[in-house]
Each structure stands twice: as structure tokens, then as C-alpha cells.
file start-v1.pdb (PDB, C-alpha atoms and all ligand atoms)
MODEL        1
ATOM      1  CA  MET H  15       0.000   0.000   0.000
ATOM      2  CA  LEU H  16       1.145   3.522  -0.798
ATOM      3  CA  GLU H  17       0.398   6.297   1.706
ATOM      4  CA  VAL H  18       0.956   9.909   0.753
ATOM      5  CA  ASP H  19       0.578  12.048   3.847
ATOM      6  CA  SER H  20       0.398  15.888   3.784
ATOM      7  CA  LEU H  21       2.986  15.973   1.004
ATOM      8  CA  GLU H  22       4.432  19.395   0.185
ATOM      9  CA  LYS H  23       6.835  20.550  -2.478
ATOM     10  CA  ARG H  24       8.126  24.084  -2.694
ATOM     11  CA  TYR H  25      10.776  24.604  -5.368
ATOM     12  CA  LYS H  26      13.726  26.914  -4.708
ATOM     13  CA  THR H  27      12.071  29.413  -7.056
ATOM     14  CA  GLY H  28       9.266  29.685  -4.487
ATOM     15  CA  ASP H  29       6.751  27.751  -6.637
ATOM     16  CA  MET H  30       4.464  25.763  -4.357
ATOM     17  CA  ALA H  31       3.873  22.678  -6.545
ATOM     18  CA  LEU H  32       2.204  20.456  -3.898
ATOM     19  CA  ARG H  33       0.182  21.908  -1.048
ATOM     20  CA  GLY H  34      -0.298  19.182   1.539
ATOM     21  CA  ILE H  35      -1.542  16.252  -0.522
ATOM     22  CA  SER H  36      -2.884  13.121   1.190
ATOM     23  CA  PHE H  37      -4.227   9.857  -0.222
ATOM     24  CA  THR H  38      -3.612   6.125  -0.027
ATOM     25  CA  VAL H  39      -3.523   3.605  -2.854
ATOM     26  CA  ALA H  40      -4.391   0.014  -1.946
ATOM     27  CA  LYS H  41      -2.688  -3.017  -3.481
ATOM     28  CA  GLY H  42      -3.985  -3.726  -6.975
ATOM     29  CA  GLN H  43      -5.625  -0.320  -7.330
ATOM     30  CA  VAL H  44      -4.894   1.771 -10.415
ATOM     31  CA  VAL H  45      -5.184   5.537  -9.976
ATOM     32  CA  GLY H  46      -5.348   7.954 -12.889
ATOM     33  CA  LEU H  47      -3.774  11.303 -12.008
ATOM     34  CA  ILE H  48      -5.286  14.147 -14.006
ATOM     35  CA  GLY H  49      -5.124  17.938 -13.939
ATOM     36  CA  PRO H  50      -4.188  20.918 -16.075
ATOM     37  CA  SER H  51      -0.632  21.846 -16.956
ATOM     38  CA  GLY H  52       1.247  23.018 -13.875
ATOM     39  CA  ALA H  53      -1.183  21.303 -11.440
ATOM     40  CA  GLY H  54       1.661  19.298  -9.864
ATOM     41  CA  LYS H  55       1.253  15.847 -11.446
ATOM     42  CA  SER H  56       4.930  15.405 -12.395
ATOM     43  CA  SER H  57       6.060  16.881  -9.088
ATOM     44  CA  LEU H  58       3.930  14.324  -7.244
ATOM     45  CA  ILE H  59       5.258  11.369  -9.266
ATOM     46  CA  ARG H  60       8.839  12.630  -8.875
ATOM     47  CA  CYS H  61       8.464  13.140  -5.144
ATOM     48  CA  ILE H  62       7.244   9.563  -4.763
ATOM     49  CA  ASN H  63      10.320   8.122  -6.486
ATOM     50  CA  ARG H  64      12.419  10.853  -4.851
ATOM     51  CA  LEU H  65      13.777  12.350  -8.081
ATOM     52  CA  VAL H  66      12.487  15.534  -6.502
ATOM     53  CA  GLU H  67      13.000  16.211  -2.800
ATOM     54  CA  PRO H  68       9.706  16.767  -0.914
ATOM     55  CA  THR H  69       9.753  19.765   1.432
ATOM     56  CA  GLY H  70       7.137  18.381   3.806
ATOM     57  CA  GLY H  71       5.001  15.360   4.640
ATOM     58  CA  ALA H  72       5.607  11.636   4.296
ATOM     59  CA  ILE H  73       5.389   8.952   1.602
ATOM     60  CA  ARG H  74       5.141   5.403   2.910
ATOM     61  CA  LEU H  75       5.411   2.331   0.714
ATOM     62  CA  ASN H  76       4.296  -0.769   2.608
ATOM     63  CA  GLY H  77       5.183   1.008   5.839
ATOM     64  CA  LEU H  78       8.621   2.336   4.797
ATOM     65  CA  ASP H  79       8.877   6.144   4.802
ATOM     66  CA  LEU H  80      10.606   6.989   1.520
ATOM     67  CA  THR H  81      11.138  10.631   2.468
ATOM     68  CA  LYS H  82      13.558   9.661   5.245
ATOM     69  CA  LEU H  83      15.927   7.620   3.082
ATOM     70  CA  SER H  84      19.238   8.586   1.545
ATOM     71  CA  GLY H  85      22.258   6.950  -0.131
ATOM     72  CA  GLY H  86      22.162   3.169  -0.432
ATOM     73  CA  ASN H  87      18.820   2.872   1.374
ATOM     74  CA  LEU H  88      17.223   5.228  -1.117
ATOM     75  CA  ARG H  89      18.681   3.316  -4.073
ATOM     76  CA  GLN H  90      17.335   0.088  -2.610
ATOM     77  CA  ALA H  91      13.897   1.604  -2.040
ATOM     78  CA  ARG H  92      13.798   2.943  -5.609
ATOM     79  CA  ARG H  93      14.105  -0.605  -6.889
ATOM     80  CA  ARG H  94      10.750  -1.271  -5.279
ATOM     81  CA  ILE H  95       9.172   1.279  -7.631
ATOM     82  CA  GLY H  96       8.673   0.380 -11.291
ATOM     83  CA  MET H  97       8.586   3.268 -13.773
ATOM     84  CA  ILE H  98       6.962   3.383 -17.197
ATOM     85  CA  PHE H  99       7.735   6.421 -19.356
ATOM     86  CA  GLN H 100       6.073   8.297 -22.192
ATOM     87  CA  GLU H 101       9.088   7.903 -24.477
ATOM     88  CA  TYR H 102       9.733   4.295 -23.350
ATOM     89  CA  ALA H 103      13.363   4.990 -22.316
ATOM     90  CA  LEU H 104      14.661   1.819 -23.957
ATOM     91  CA  VAL H 105      18.253   1.224 -25.004
ATOM     92  CA  GLU H 106      17.732   1.272 -28.758
ATOM     93  CA  ARG H 107      20.659  -0.900 -29.776
ATOM     94  CA  LEU H 108      19.877  -3.649 -27.260
ATOM     95  CA  THR H 109      17.436  -6.476 -27.837
ATOM     96  CA  VAL H 110      13.977  -6.693 -26.332
ATOM     97  CA  MET H 111      15.233  -9.374 -23.887
ATOM     98  CA  GLU H 112      18.236  -7.275 -22.847
ATOM     99  CA  ASN H 113      16.025  -4.266 -22.262
ATOM    100  CA  VAL H 114      13.693  -6.300 -20.066
ATOM    101  CA  LEU H 115      16.625  -7.763 -18.138
ATOM    102  CA  SER H 116      17.907  -4.243 -17.503
ATOM    103  CA  GLY H 117      15.041  -4.080 -14.990
ATOM    104  CA  ARG H 118      17.213  -6.372 -12.835
ATOM    105  CA  LEU H 119      20.175  -3.988 -12.799
ATOM    106  CA  GLY H 120      20.779  -3.004  -9.244
ATOM    107  CA  TYR H 121      19.754  -6.498  -8.138
ATOM    108  CA  VAL H 122      22.507  -8.461  -9.849
ATOM    109  CA  ALA H 123      26.217  -7.988  -9.137
ATOM    110  CA  PHE H 124      27.984  -5.409 -11.285
ATOM    111  CA  TRP H 125      30.212  -7.914 -13.132
ATOM    112  CA  ARG H 126      27.191  -9.968 -14.114
ATOM    113  CA  SER H 127      25.356  -6.985 -15.530
ATOM    114  CA  PHE H 128      28.533  -5.742 -17.226
ATOM    115  CA  PHE H 129      28.908  -9.022 -19.098
ATOM    116  CA  ARG H 130      25.136  -9.197 -19.499
ATOM    117  CA  ARG H 131      25.079 -12.503 -17.626
ATOM    118  CA  PHE H 132      21.881 -12.654 -15.679
ATOM    119  CA  PRO H 133      20.775 -15.539 -13.448
ATOM    120  CA  GLN H 134      18.565 -18.086 -15.228
ATOM    121  CA  THR H 135      15.649 -17.235 -12.932
ATOM    122  CA  ASP H 136      15.759 -13.628 -14.209
ATOM    123  CA  VAL H 137      15.861 -14.830 -17.819
ATOM    124  CA  ASP H 138      12.933 -17.227 -17.216
ATOM    125  CA  LYS H 139      10.947 -14.429 -15.639
ATOM    126  CA  ALA H 140      11.705 -12.141 -18.596
ATOM    127  CA  PHE H 141      10.419 -14.797 -21.020
ATOM    128  CA  GLN H 142       7.211 -15.132 -19.002
ATOM    129  CA  LEU H 143       6.724 -11.370 -18.943
ATOM    130  CA  LEU H 144       7.382 -10.995 -22.659
ATOM    131  CA  ASP H 145       4.788 -13.681 -23.218
ATOM    132  CA  ARG H 146       2.347 -11.799 -20.983
ATOM    133  CA  VAL H 147       2.777  -8.516 -22.847
ATOM    134  CA  GLY H 148       2.472 -10.257 -26.222
ATOM    135  CA  LEU H 149       6.089  -9.972 -27.404
ATOM    136  CA  GLN H 150       7.054 -13.656 -27.315
ATOM    137  CA  ASP H 151       7.925 -13.522 -31.027
ATOM    138  CA  HIS H 152      10.130 -10.430 -30.713
ATOM    139  CA  VAL H 153      12.520 -11.451 -27.935
ATOM    140  CA  ASP H 154      15.710 -11.071 -29.993
ATOM    141  CA  LYS H 155      14.704  -8.017 -32.002
ATOM    142  CA  ARG H 156      16.526  -4.773 -31.404
ATOM    143  CA  ALA H 157      14.436  -2.153 -29.642
ATOM    144  CA  ASP H 158      14.821   0.274 -32.551
ATOM    145  CA  ALA H 159      13.017  -2.187 -34.838
ATOM    146  CA  LEU H 160       9.792  -2.029 -32.816
ATOM    147  CA  SER H 161       6.616   0.028 -33.176
ATOM    148  CA  GLY H 162       5.608   2.507 -30.468
ATOM    149  CA  GLY H 163       3.073   0.107 -28.952
ATOM    150  CA  GLN H 164       5.621  -2.727 -28.896
ATOM    151  CA  ARG H 165       8.183  -0.440 -27.263
ATOM    152  CA  GLN H 166       5.757   0.434 -24.531
ATOM    153  CA  ARG H 167       5.097  -3.289 -23.997
ATOM    154  CA  VAL H 168       8.855  -3.722 -23.468
ATOM    155  CA  GLY H 169       8.711  -0.822 -20.998
ATOM    156  CA  ILE H 170       5.929  -2.581 -19.084
ATOM    157  CA  ALA H 171       7.812  -5.908 -19.031
ATOM    158  CA  ARG H 172      11.001  -4.156 -17.874
ATOM    159  CA  ALA H 173       9.191  -2.453 -15.003
ATOM    160  CA  LEU H 174       7.637  -5.775 -13.924
ATOM    161  CA  GLU H 175      10.951  -7.656 -14.205
ATOM    162  CA  GLN H 176      12.097  -5.519 -11.309
ATOM    163  CA  ASP H 177       9.392  -7.083  -9.044
ATOM    164  CA  PRO H 178       8.086  -3.670  -8.004
ATOM    165  CA  GLU H 179       5.778  -2.969  -5.088
ATOM    166  CA  LEU H 180       4.450   0.139  -6.815
ATOM    167  CA  LEU H 181       4.154   1.239 -10.432
ATOM    168  CA  LEU H 182       4.517   4.895 -11.449
ATOM    169  CA  VAL H 183       3.478   5.566 -15.001
ATOM    170  CA  ASP H 184       4.134   8.855 -16.770
ATOM    171  CA  GLU H 185       1.936   9.619 -19.804
ATOM    172  CA  PRO H 186       2.205   6.070 -21.179
ATOM    173  CA  THR H 187       0.111   6.732 -24.267
ATOM    174  CA  ALA H 188       1.109  10.282 -25.228
ATOM    175  CA  SER H 189       3.118   9.060 -28.243
ATOM    176  CA  LEU H 190       0.621   6.415 -29.384
ATOM    177  CA  ASP H 191      -2.423   6.352 -31.677
ATOM    178  CA  PRO H 192      -5.879   5.997 -30.063
ATOM    179  CA  LYS H 193      -6.263   2.243 -30.622
ATOM    180  CA  THR H 194      -2.767   1.370 -29.350
ATOM    181  CA  SER H 195      -3.336   3.734 -26.399
ATOM    182  CA  ARG H 196      -6.378   1.720 -25.351
ATOM    183  CA  GLN H 197      -4.474  -1.570 -25.671
ATOM    184  CA  ILE H 198      -1.600  -0.243 -23.553
ATOM    185  CA  MET H 199      -3.896   1.184 -20.868
ATOM    186  CA  ARG H 200      -5.826  -2.099 -20.719
ATOM    187  CA  LEU H 201      -2.576  -4.061 -20.386
ATOM    188  CA  ILE H 202      -1.176  -1.849 -17.616
ATOM    189  CA  CYS H 203      -4.420  -2.046 -15.620
ATOM    190  CA  GLU H 204      -4.710  -5.822 -16.101
ATOM    191  CA  VAL H 205      -1.158  -6.609 -14.967
ATOM    192  CA  CYS H 206      -1.597  -4.416 -11.879
ATOM    193  CA  ARG H 207      -4.744  -6.315 -10.889
ATOM    194  CA  GLU H 208      -3.126  -9.689 -11.588
ATOM    195  CA  ARG H 209      -0.135  -8.807  -9.401
ATOM    196  CA  ASP H 210      -1.942  -6.842  -6.726
ATOM    197  CA  LEU H 211       0.252  -3.917  -7.657
ATOM    198  CA  PRO H 212      -0.783  -0.355  -6.789
ATOM    199  CA  ALA H 213      -0.216   2.112  -9.629
ATOM    200  CA  ILE H 214      -0.424   5.830 -10.334
ATOM    201  CA  ILE H 215      -0.753   6.852 -13.960
ATOM    202  CA  ASN H 216      -0.129  10.465 -14.906
ATOM    203  CA  ILE H 217      -2.470  10.850 -17.865
ATOM    204  CA  HIS H 218      -3.683  13.815 -19.898
ATOM    205  CA  ASP H 219      -6.415  11.911 -21.664
ATOM    206  CA  VAL H 220      -9.394  11.991 -19.293
ATOM    207  CA  VAL H 221     -11.652   9.814 -21.427
ATOM    208  CA  LEU H 222      -8.994   7.133 -21.711
ATOM    209  CA  ALA H 223      -8.392   7.255 -17.954
ATOM    210  CA  GLN H 224     -12.114   6.910 -17.286
ATOM    211  CA  MET H 225     -12.267   3.798 -19.487
ATOM    212  CA  PHE H 226      -9.676   1.804 -17.567
ATOM    213  CA  VAL H 227      -8.620   3.051 -14.118
ATOM    214  CA  ASP H 228     -10.307   2.243 -10.778
ATOM    215  CA  ARG H 229     -10.009   5.695  -9.337
ATOM    216  CA  ILE H 230      -9.213   9.202 -10.462
ATOM    217  CA  ILE H 231      -7.364  11.869  -8.512
ATOM    218  CA  GLY H 232      -7.736  15.369  -9.925
ATOM    219  CA  LEU H 233      -5.105  17.966  -9.051
ATOM    220  CA  ARG H 234      -5.393  21.681  -9.441
ATOM    221  CA  ALA H 235      -2.753  24.174  -8.331
ATOM    222  CA  GLY H 236      -1.035  21.594  -6.124
ATOM    223  CA  ALA H 237      -4.147  20.395  -4.290
ATOM    224  CA  VAL H 238      -6.471  17.400  -4.669
ATOM    225  CA  VAL H 239      -9.813  18.726  -5.924
ATOM    226  CA  PHE H 240     -11.297  15.372  -6.960
ATOM    227  CA  ASP H 241     -10.799  11.852  -5.631
ATOM    228  CA  GLY H 242     -13.240   9.164  -6.620
ATOM    229  CA  PRO H 243     -14.374   6.521  -9.109
ATOM    230  CA  PRO H 244     -14.378   7.485 -12.816
ATOM    231  CA  THR H 245     -18.191   7.413 -12.824
ATOM    232  CA  ASP H 246     -18.251  10.338 -10.363
ATOM    233  CA  LEU H 247     -16.245  12.533 -12.697
ATOM    234  CA  THR H 248     -19.140  14.742 -13.702
ATOM    235  CA  ASP H 249     -18.986  17.910 -15.795
ATOM    236  CA  THR H 250     -19.011  19.893 -12.538
ATOM    237  CA  ALA H 251     -16.013  17.920 -11.231
ATOM    238  CA  LEU H 252     -14.162  18.370 -14.531
ATOM    239  CA  THR H 253     -14.824  22.093 -14.436
ATOM    240  CA  GLU H 254     -13.435  22.227 -10.922
ATOM    241  CA  ILE H 255     -10.253  20.461 -12.054
ATOM    242  CA  TYR H 256      -9.693  22.143 -15.407
ATOM    243  CA  GLY H 257     -11.720  25.337 -15.351
ATOM    244  CA  GLU H 258     -14.477  26.091 -17.829
ATOM    245  CA  GLU H 259     -12.777  25.804 -21.194
ATOM    246  CA  ASP H 260      -9.960  23.299 -21.056
ATOM    247  CA  TRP H 261     -11.790  20.022 -20.718
ATOM    248  CA  HIS H 262     -14.387  20.945 -23.352
ATOM    249  CA  ALA H 263     -11.466  21.295 -25.765
ATOM    250  CA  MET H 264     -10.025  17.987 -24.580
ATOM    251  CA  ARG H 265     -13.281  16.133 -25.014
ATOM    252  CA  LYS H 266     -13.629  17.598 -28.499
ATOM    253  CA  THR H 267     -10.205  16.230 -29.453
ATOM    254  CA  ARG H 268     -11.276  12.789 -28.274
ATOM    255  CA  GLU H 269     -14.454  13.009 -30.284
ATOM    256  CA  GLU H 270     -12.384  13.957 -33.317
ATOM    257  CA  ASP H 271     -10.087  10.990 -32.676
ATOM    258  CA  ALA H 272     -13.088   8.684 -32.447
ATOM    259  CA  ALA H 273     -14.521  10.147 -35.651
ATOM    260  CA  ASP H 274     -11.161   9.641 -37.408
ATOM    261  CA  GLU H 275     -11.056   6.076 -36.242
ATOM    262  CA  SER H 276     -14.585   5.232 -37.352
ATOM    263  CA  GLU H 277     -13.867   6.833 -40.711
ATOM    264  CA  THR H 278     -10.752   4.705 -41.109
ATOM    265  CA  LYS H 279     -12.793   1.617 -40.272
ATOM    266  CA  ALA H 280     -15.476   2.546 -42.790
ATOM    267  CA  PHE H 281     -12.803   3.126 -45.433
ATOM    268  CA  GLU H 282     -11.189  -0.250 -44.718
ATOM    269  CA  ALA H 283     -14.562  -2.027 -44.827
ATOM    270  CA  GLU H 284     -15.311  -0.400 -48.168
ATOM    271  CA  ARG H 285     -11.975  -1.505 -49.585
ATOM    272  CA  LEU H 286     -12.536  -5.046 -48.327
ATOM    273  CA  ALA H 287     -15.976  -5.087 -49.906
ATOM    274  CA  GLU H 288     -14.392  -4.122 -53.229
ATOM    275  CA  LEU H 289     -11.962  -7.015 -52.992
ATOM    276  CA  VAL H 290     -14.559  -9.743 -52.388
TER
HETATM  277  N1  LIG S   1      12.216  22.274 -11.389
HETATM  278  C1  LIG S   1      11.317  23.191 -11.085
HETATM  279  N2  LIG S   1      11.687  24.392 -10.549
HETATM  280  C2  LIG S   1      10.773  25.309 -10.234
HETATM  281  N3  LIG S   1       9.448  25.164 -10.375
HETATM  282  C3  LIG S   1       9.009  24.022 -10.900
HETATM  283  C4  LIG S   1       9.913  22.964 -11.286
HETATM  284  N4  LIG S   1       9.194  21.921 -11.778
HETATM  285  C5  LIG S   1       7.897  22.310 -11.703
HETATM  286  N5  LIG S   1       7.781  23.556 -11.175
HETATM  287  C6  LIG S   1       6.528  24.301 -10.913
HETATM  288  O1  LIG S   1       5.704  23.489 -10.099
HETATM  289  C7  LIG S   1       4.352  23.561 -10.511
HETATM  290  C8  LIG S   1       3.836  22.169 -10.867
HETATM  291  O2  LIG S   1       4.528  21.688 -12.022
HETATM  292  P1  LIG S   1       4.432  20.170 -12.528
HETATM  293  O3  LIG S   1       5.404  20.018 -13.635
HETATM  294  O4  LIG S   1       4.534  19.251 -11.379
HETATM  295  O5  LIG S   1       2.924  20.151 -13.108
HETATM  296  P2  LIG S   1       2.226  19.113 -14.078
HETATM  297  O6  LIG S   1       0.834  18.964 -13.587
HETATM  298  O7  LIG S   1       3.038  17.866 -14.175
HETATM  299  O8  LIG S   1       2.231  19.872 -15.479
HETATM  300  P3  LIG S   1       2.321  19.265 -16.979
HETATM  301  O9  LIG S   1       1.027  18.538 -17.213
HETATM  302  O10 LIG S   1       2.448  20.483 -17.841
HETATM  303  O11 LIG S   1       3.528  18.371 -17.044
HETATM  304  C9  LIG S   1       4.326  24.545 -11.676
HETATM  305  O12 LIG S   1       3.994  25.820 -11.166
HETATM  306  C10 LIG S   1       5.738  24.530 -12.185
HETATM  307  O13 LIG S   1       6.080  25.764 -12.768
ENDMDL
END
call {"tool": "encode", "arguments": {"input": "start-v1.pdb", "output": "C-alpha cells"}}
result
Amino acid sequence: MLEVDSLEKRYKTGDMALRGISFTVAKGQVVGLIGPSGAGKSSLIRCINRLVEPTGGAIRLNGLDLTKLSGGNLRQARRRIGMIFQEYALVERLTVMENVLSGRLGYVAFWRSFFRRFPQTDVDKAFQLLDRVGLQDHVDKRADALSGGQRQRVGIARALEQDPELLLVDEPTASLDPKTSRQIMRLICEVCRERDLPAIINIHDVVLAQMFVDRIIGLRAGAVVFDGPPTDLTDTALTEIYGEEDWHAMRKTREEDAADESETKAFEAERLAELV
């Protein structure tokens, strides 16, 4: 379980990015973190994995206060947190398998990782994970030969290879088309439920979040202004999070996406009909 307790972040510039945020995420629960630009979403994610130093409050992961750690203890604690990134952060010239195994770095001795010799149990686990994310036929391909959706599947497998106790996901679908975005969101949410893994997904796309996550937390100006199931995210709640105009524009984009997609489908069906 993740407990965020009165978390504050004030940058040296004086910007108050997080103003006493509190919530808990139970095992297996997937939270979508939404809010306008500058609301504090990245600051929150970065405070949790301690890439940014909180200036107040506590963050406990299964009882361990992450804000109190430094040096080796912090590095060890970070291994308990799996990260999935918008731009995948793969090593392009390495194979899919090698990228997944890189999730074990920090667990295996330096010489082993240097010579890319991982214990058989790690390799077996990587095969299982690649099977789970649907990349069993791409194990030996180089990362730079993959599509965006396949890359993100590698990113998911790599994060899971690390046996995390928490998953932090930063805009996982921002570089993907609408259909692939839905597949990736479904996959992330499914693996979290299967593994009883709590997750926080920083996501701009409200409609996509509503489709898949268990709970939505809405931030505005560094404070939680919505916390509840996706079904409770009414127009009033959206206006509170985004203000009057923003989310109307966002919803319109989604509608345009959906229209594009249905047009593509109609076009493909027409072409098929011509062939038969
Ligand atoms: N390194 C930094 N130094 C100073 N201020 C910062 C820094 N990073 C973020 N901020 C400020 O903190 C506030 C929250 O920013 P943050 O990036 O966390 O928001 P966000 O919700 O992730 O926005 P976006 O959706 O645009 O990524 C903003 O006012 C921002 O200007």
C-alpha cells in the first residue's frame, strides 16, 4: 500500500507545486492522475520516487517512509518502484530481452550486468513477462526495430521484471495512436490487478483514464480537488479540475479521434468489400 501524507513541495524558485496532498492507494488499485498543466502531477510522481526532494510530509510504501531515506537505502527503495515512461526509455541498440533484463540492474552484481550474464531465474521471468505482454515472437529483435506500442510493452515488461511494489506511469500513451493507447492502458491495468500492484498513472487523456482506471485523482494548483471513481467525474467535477474551457477542448479532441477512427474503419470495410 502507498500512503501519501500531507505531502508538500516548494521549489527553490518559491513555486508551491504540492500543497499538503494526502491519499492512499491500496494493493492492486490503479489511480489515474489528471489535472491541467502546472497542477503538480509530475512533481507528485517525482516526489514519490524521490527524483524531486519533498519539502514536507511523508510517503510510505508498505510502511517504509521513503522521504527519510538517503544513499544506499534510497537506491534500494527505488528498486521497489517500477517506472513506465512516455518515451519508453529503452536502449535502442539492445534487444527486447536485454532491455527487459535491464530491470534487474541493481539487483545483480555489477560484473554480471557488465557481461550481461543474468541468473537463469531472471531470464525465465523475462520470457514469461514478454509472453504476458504479447512480445514472445520479438525477444531477440533490437528495440529500434519495434513500433511505439511494442516499445511500450517492453517498458511494461522491464518495469515488472524488477518485481516492483508500486508502479509509477508517466503519460504512457502520449506518443501512441488511439487504438494502441487503449491496448496499452488495458494491459497496464490488467497486470496491476493480476499482481496486486498499486499504480499511479499520470495521464492527460481523461476519457482514456475513465475507461480503464479504478479511481481518479484530480489535481489543481497543487491540491487534490477530486478523488473518486471514474463514474463520479461529472462535468461539474471536470470544471473544478480544469476550469471552464480546457476540458471541453479535450473532449472535443477525443471526439475527433473517435470520428477519425470510425472513418478509417469505414474506409477499410469499403476496400474489403471491393476485394470480395
Ligand atoms: N524544477 C522546477 N523548478 C521550479 N518550479 C518548478 C519545477 N518543476 C515544476 N515547477 C513548478 O511546479 C508547478 C507544478 O509543475 P508540474 O510540472 O509538477 O505540473 P504538471 O501537472 O506535471 O504539469 P504538466 O502537465 O504540464 O507536465 C508549476 O507551477 C511549475 O512551474
call {"tool": "closest_residue", "arguments": {"input": "start-v1.pdb", "among": "H:Gln176, H:Gln90, H:Asn216, H:Gln100", "to": "ligand LIG 1 (chain S)", "atoms": "only C-alpha atoms and all ligand atoms"}}
result
H:Asn216
call {"tool": "resolve_selection", "arguments": {"input": "start-v1.pdb", "expression": "the PyMOL selection byres (((not hetatm)) within 8 of (chain S and resi 1))", "output": "list in words"}}
result
Arg24, Tyr25, Lys26, Thr27, Gly28, Asp29, Met30, Ala31, Leu32, Ile48, Gly49, Pro50, Ser51, Gly52, Ala53, Gly54, Lys55, Ser56, Ser57, Leu58, His218, Leu233, Arg234, Ala235 and Gly236 of chain H
call {"tool": "resolve_selection", "arguments": {"input": "start-v1.pdb", "expression": "the PyMOL selection byres (((chain H and resi 183-200) around 9) and not hetatm)", "output": "PyMOL selection string"}}
result
chain H and resi 56+59+96-102+162-163+166-167+181-182+201-205+213-219+222-223+225-227+268+271-272+275
call {"tool": "atom_distance", "arguments": {"input": "start-v1.pdb", "atom1": "atom CA of Arg165 of chain H", "atom2": "atom CA of Leu104 of chain H"}}
result
7.6 Å
call {"tool": "residues_around", "arguments": {"input": "start-v1.pdb", "residues": "Gly71 of chain H", "least_positions_apart": "4", "cutoff": "7 Å", "atoms": "all atoms listed in the file", "output": "JSON list (two decimals) with C-alpha atoms, in the frame of the given file"}}
result
[["chain", "number", "residue", "atom", "x", "y", "z"],
["H", 19, "ASP", "CA", 0.58, 12.05, 3.85],
["H", 20, "SER", "CA", 0.40, 15.89, 3.78],
["H", 21, "LEU", "CA", 2.99, 15.97, 1.00],
["H", 22, "GLU", "CA", 4.43, 19.40, 0.18]]
call {"tool": "residues_around", "arguments": {"input": "start-v1.pdb", "residues": "Gly117 of chain H", "least_positions_apart": "6", "cutoff": "12 Å", "atoms": "only C-alpha atoms", "output": "compact mmCIF listing (two decimals) with C-alpha atoms, keeping the file's coordinate frame"}}
result
# COMPACT_ATOMS: atom_id res chain seq x y z
CA ARG H 92 13.80 2.94 -5.61
CA ARG H 93 14.10 -0.60 -6.89
CA ARG H 94 10.75 -1.27 -5.28
CA ILE H 95 9.17 1.28 -7.63
CA GLY H 96 8.67 0.38 -11.29
CA MET H 97 8.59 3.27 -13.77
CA ILE H 98 6.96 3.38 -17.20
CA ALA H 103 13.36 4.99 -22.32
CA LEU H 104 14.66 1.82 -23.96
CA VAL H 105 18.25 1.22 -25.00
CA VAL H 110 13.98 -6.69 -26.33
CA MET H 111 15.23 -9.37 -23.89
CA SER H 127 25.36 -6.98 -15.53
CA PHE H 132 21.88 -12.65 -15.68
CA ASP H 136 15.76 -13.63 -14.21
CA VAL H 137 15.86 -14.83 -17.82
CA LYS H 139 10.95 -14.43 -15.64
CA ALA H 140 11.70 -12.14 -18.60
CA LEU H 143 6.72 -11.37 -18.94
CA VAL H 168 8.86 -3.72 -23.47
CA GLY H 169 8.71 -0.82 -21.00
CA ILE H 170 5.93 -2.58 -19.08
CA ALA H 171 7.81 -5.91 -19.03
CA ARG H 172 11.00 -4.16 -17.87
CA ALA H 173 9.19 -2.45 -15.00
CA LEU H 174 7.64 -5.78 -13.92
CA GLU H 175 10.95 -7.66 -14.20
CA GLN H 176 12.10 -5.52 -11.31
CA ASP H 177 9.39 -7.08 -9.04
CA PRO H 178 8.09 -3.67 -8.00
call {"tool": "atom_distance", "arguments": {"input": "start-v1.pdb", "atom1": "atom CA of Val45 of chain H", "atom2": "atom CA of Leu119 of chain H"}}
result
27.2 Å
call {"tool": "residues_around", "arguments": {"input": "start-v1.pdb", "residues": "Asp241 of chain H", "least_positions_apart": "2", "cutoff": "8 Å", "atoms": "only C-alpha atoms", "output": "list of chain:residue names"}}
result
H:Arg229, H:Ile230, H:Ile231, H:Gly232, H:Val238, H:Val239, H:Pro243
call {"tool": "axis_aligned_box", "arguments": {"input": "start-v1.pdb", "around": "segment 217-231 of chain H", "padding_each_side": "8 Å", "output": "JSON"}}
result
{"center_x": -7.4, "center_y": 7.8, "center_z": -15.1, "size_x": 25.8, "size_y": 28.0, "size_z": 29.2}
call {"tool": "residues_around", "arguments": {"input": "start-v1.pdb", "residues": "Asp151 of chain H", "least_positions_apart": "2", "cutoff": "12 Å", "atoms": "all atoms listed in the file", "output": "list in words"}}
result
Val110, Met111, Phe141, Leu144, Asp145, Arg146, Val147, Gly148, Leu149, Val153, Asp154, Lys155, Leu160 and Gln164 of chain H
call {"tool": "build_atoms", "arguments": {"input": "start-v1.pdb", "residues": "segment 54-65 of chain H", "atoms": "N, CA and C atoms", "output": "short mmCIF file (atom, residue, chain, number, x, y, z; two decimals), in the coordinates of the input"}}
result
data_model
loop_
_atom_site.label_atom_id
_atom_site.label_comp_id
_atom_site.auth_asym_id
_atom_site.auth_seq_id
_atom_site.Cartn_x
_atom_site.Cartn_y
_atom_site.Cartn_z
N GLY H 54 0.79 19.98 -10.83
CA GLY H 54 1.66 19.30 -9.86
C GLY H 54 1.77 17.80 -10.08
N LYS H 55 1.27 17.30 -11.21
CA LYS H 55 1.25 15.85 -11.45
C LYS H 55 2.68 15.28 -11.49
N SER H 56 3.55 15.91 -12.30
CA SER H 56 4.93 15.40 -12.40
C SER H 56 5.64 15.56 -11.06
N SER H 57 5.40 16.68 -10.39
CA SER H 57 6.06 16.88 -9.09
C SER H 57 5.66 15.77 -8.12
N LEU H 58 4.40 15.38 -8.15
CA LEU H 58 3.93 14.32 -7.24
C LEU H 58 4.62 13.00 -7.57
N ILE H 59 4.62 12.63 -8.86
CA ILE H 59 5.26 11.37 -9.27
C ILE H 59 6.75 11.40 -8.89
N ARG H 60 7.39 12.54 -9.14
CA ARG H 60 8.84 12.63 -8.88
C ARG H 60 9.16 12.66 -7.39
N CYS H 61 8.24 13.19 -6.60
CA CYS H 61 8.46 13.14 -5.14
C CYS H 61 8.37 11.69 -4.65
N ILE H 62 7.43 10.94 -5.23
CA ILE H 62 7.24 9.56 -4.76
C ILE H 62 8.49 8.73 -5.06
N ASN H 63 9.09 8.90 -6.25
CA ASN H 63 10.32 8.12 -6.49
C ASN H 63 11.58 8.90 -6.09
N ARG H 64 11.35 10.04 -5.45
CA ARG H 64 12.42 10.85 -4.85
C ARG H 64 13.42 11.39 -5.88
N LEU H 65 12.94 11.62 -7.12
CA LEU H 65 13.78 12.35 -8.08
C LEU H 65 13.71 13.82 -7.73
#
